[in-house]
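Trainee: Pasting a structure below so you can have a look.
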Amino acid sequence: MTIFSGTTRTDPSPAVHGDGRFKFLDRVSGAYWDQVRDVIEDWFSRLCPDAQADVRGRLRSKDNRQFSGAFFELYLHECLLRMGYTVTCHPVLKGTTRRPDFLAEKDGRSVYVEARSASDSDVAVGAAARINAVYESLNRLDSPNFFLWIEVVRQGPGPLRAKPLRGRLERWLSGLDPDKVPLGGRRDDLPSHLYEEQTEGDDVSWIIEFWAIPKSSEARGREGVRPLGIFGGNAASVNDEDGILGALSDKGAAYGPLGAPFIVAVASSSMSLDDHDVCNALYGNEMLQIATAPDGTESHAVVREANGYWYAGDNWDHRGVSAVLVVKQLHPAFVGNQQHTIWEHPDPEHAIEALPIWRSAILGADGRMEFDDPPRTQSDWFGLGDPWPIGEPFPRQA
């Protein structure tokens with residue numbers, strides 16, 4: 001059983017907006033991407049046989065969330081194997097029909113691992129798909145002299161009629177002289193165009209702003225060059241701490257007493273998630289506490305609210321979750337240099353043994369987080385070279 005098709009690949013072009021991750025990986029040609037596909041196939045070949053059909057189906061899904069979730073499970077399984085564990089997928093538990101993702105065993109010790117995703121909702125995915133459809137349509141417009149900087153200010157609930165927008169932009173761009181627009185200037189110095197459309201049957205309009213960036217004289221008139229160059233916001237915001245907390249949601253008692261350490265691994269696609277956000281999610285939001293003495297002097301201290309997953313103010317909560325592994329922006333092509341962090345509970349029911357493939361975060365006696373890097377690089381753990389993959393993902397064509 002394999003993941004990718006055996007077809008001869010001839011298309012080396014980058015992914016376009018709306019391309020599913022599997023569709024792109026199965027289509028793109030080149031030695032760089034051959035190495036990525038080989039690693040996925042290799043990891044998949046070592047997955048528990050009874051889990052392969054489900055993981056394969058999700059890896060080949062058109063839904064990027066399904067692909068990412070399945071690859072995340074492959075990654076976790078491979079990490080446990082590389083650390084010398086024997087892994088059982090979806091182990092049977094007494095007293096419940098629910099099954100965690102993995103049971104890892106080594107030297108008479110056991111640890112359970114559950115994979116979760118801090119993923120976008122169906123509403124957010126639908127909104128992203130509508131924006132991607134706009135981007136893909138605009139990349140077909142004729143713009144021999146300018147690139148476009150685009151920012152979606154407001155998105156309507158329905159699809160945008162892209163053909164009239166393309167025609168309007170082409171007329172606007174044809175009236176601009178690229179030699180009269182400064183190269184390398186600020187956005188405010190560029191010609192701009194505001195487009196607004198009332199979606200039929202809806203009260204909310206699409207509002208998109210464009211800025212024209214002149215091409216160099218050598219690049220003007222070339223065919224096949226995509227006009228979209230810079231992308232702004234999409235009128236959406238993400239709370240990284242809520243994403244982590246939502247993924248953890250009640251996992252502390254999901255399977256009852258396990259009699260062994262339990263790790264919840266959370267995958268996040270957020271570009272802004274950092275250690276500070278994870279600290280807030282696990283230990284409570286930081287706040288400035290101001291105390292006033294009888295003589296009127298003030299003192300200030302940074303404290304945490306009792307709203308963390310583990311910190312409940314006067315006691316530690318969710319002690320059944322021994323650790324939380326946070327995996328950020330996991331991507332098959334970057335597994336050799338992406339480092340992820342396992343956050344250990346300060347007072348768990350069952351403490352975890354050292355898991356040296358990951359960076360560890362432990363709350364010190366002084367209340368500060370202590371971080372320890374793994375003794376080996378990720379490329380070394382996975383038996384990959386450095387650099388890996390070798391070559392360029394999209395080499396220049398002669």
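Starting from 1 in every chain, residues are counted up; chains themselves are A, B, ... following the order of the structure tokens, and ligands are numbered from 1 as listed.
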Any idea what's packed within 10 Å of Phe22 in chain A, counting only C-alpha atoms, ignoring anything in its chain fewer than 3 positions away? Could you give it as a JSON list (two decimals) with N, CA and C atoms, in the first residue's frame?
Mentor:
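Writing the result to around36.json gives the following:
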[["chain", "number", "residue", "atom", "x", "y", "z"],
["A", 3, "ILE", "N", 1.16, 5.73, -0.80],
["A", 3, "ILE", "CA", 0.40, 6.98, -0.71],
["A", 3, "ILE", "C", 0.27, 7.66, -2.06],
["A", 4, "PHE", "N", 1.37, 7.79, -2.77],
["A", 4, "PHE", "CA", 1.38, 8.60, -3.98],
["A", 4, "PHE", "C", 1.25, 7.73, -5.23],
["A", 19, "ASP", "N", -4.91, 24.81, -4.30],
["A", 19, "ASP", "CA", -4.34, 23.47, -4.44],
["A", 19, "ASP", "C", -4.36, 22.76, -3.09],
["A", 25, "LEU", "N", 1.58, 17.69, -3.76],
["A", 25, "LEU", "CA", 2.69, 16.75, -3.58],
["A", 25, "LEU", "C", 2.65, 15.61, -4.58],
["A", 26, "ASP", "N", 1.47, 15.19, -4.96],
["A", 26, "ASP", "CA", 1.33, 14.09, -5.92],
["A", 26, "ASP", "C", 1.61, 14.55, -7.35],
["A", 27, "ARG", "N", 1.52, 15.86, -7.57],
["A", 27, "ARG", "CA", 1.69, 16.39, -8.92],
["A", 27, "ARG", "C", 3.09, 16.95, -9.19],
["A", 58, "ARG", "N", -6.92, 9.69, 4.63],
["A", 58, "ARG", "CA", -6.88, 11.10, 5.03],
["A", 58, "ARG", "C", -5.72, 11.84, 4.40],
["A", 59, "LEU", "N", -4.59, 11.19, 4.19],
["A", 59, "LEU", "CA", -3.47, 11.84, 3.50],
["A", 59, "LEU", "C", -3.86, 12.21, 2.07],
["A", 60, "ARG", "N", -4.68, 11.41, 1.44],
["A", 60, "ARG", "CA", -5.07, 11.65, 0.05],
["A", 60, "ARG", "C", -6.32, 12.52, -0.08],
["A", 61, "SER", "N", -6.80, 13.04, 1.03],
["A", 61, "SER", "CA", -8.02, 13.84, 1.02],
["A", 61, "SER", "C", -7.80, 15.20, 0.36],
["A", 62, "LYS", "N", -8.88, 15.75, -0.20],
["A", 62, "LYS", "CA", -8.84, 17.11, -0.74],
["A", 62, "LYS", "C", -8.86, 18.16, 0.37],
["A", 63, "ASP", "N", -9.28, 17.75, 1.56],
["A", 63, "ASP", "CA", -9.36, 18.65, 2.71],
["A", 63, "ASP", "C", -7.98, 18.72, 3.37],
["A", 64, "ASN", "N", -7.36, 19.90, 3.36],
["A", 64, "ASN", "CA", -6.03, 20.05, 3.92],
["A", 64, "ASN", "C", -5.98, 19.69, 5.40],
["A", 66, "GLN", "N", -7.55, 17.25, 6.82],
["A", 66, "GLN", "CA", -7.41, 15.80, 6.89],
["A", 66, "GLN", "C", -5.98, 15.38, 6.59],
["A", 67, "PHE", "N", -5.39, 15.98, 5.57],
["A", 67, "PHE", "CA", -4.00, 15.67, 5.25],
["A", 67, "PHE", "C", -3.09, 16.01, 6.42],
["A", 68, "SER", "N", -3.24, 17.21, 6.98],
["A", 68, "SER", "CA", -2.37, 17.65, 8.07],
["A", 68, "SER", "C", -2.52, 16.77, 9.30]]
Trainee: When DSSP works through the backbone of this structure, what residues of range 293-378 of chain A end up as strand (DSSP E or B), shown as a ChimeraX atom specification?
Mentor: /A:298-304,311,316,323-328,341-344,359-363,369-372
Trainee: Would you please work out which residue, of A:Pro374, A:Phe147, A:Leu228, A:Pro100, is nearest to Gly252 in chain A when using only C-alpha atoms?
Mentor: A:Pro100
Trainee: Find the residue from A:Gln155, A:Asn145, A:Asn132, A:Ser249 that sits nearest to Arg222 in chain A; use only C-alpha atoms when measuring.
Mentor: A:Asn145
Trainee: Rounded to one decimal in Å, what is the spacing between CA of Val327 in chain A and CA of Phe262 in chain A?
Mentor: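 Here the two named atoms are 16.5 Å from each other.
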Trainee: For range 75-80 of chain A, work out the shell of residues within 7 Å, counting only C-alpha atoms and skipping chain neighbours fewer than 4 positions away, then give it as a PyMOL selection string.
Mentor: chain A and resi 43+71+84-85+104
Trainee: Would you mind exporting C-alpha atoms of the selected residues as a PDB file, in the first residue's frame?
Mentor:
ATOM      1  CA  TRP A  43       7.186   6.569   7.567  1.00  0.00           C
ATOM      2  CA  PHE A  71       0.659  13.493   8.590  1.00  0.00           C
ATOM      3  CA  GLY A  84      13.145   3.195  20.694  1.00  0.00           C
ATOM      4  CA  TYR A  85       9.495   2.628  21.608  1.00  0.00           C
ATOM      5  CA  ALA A 104       4.268   3.480  23.342  1.00  0.00           C
TER       6      ALA A 104
END
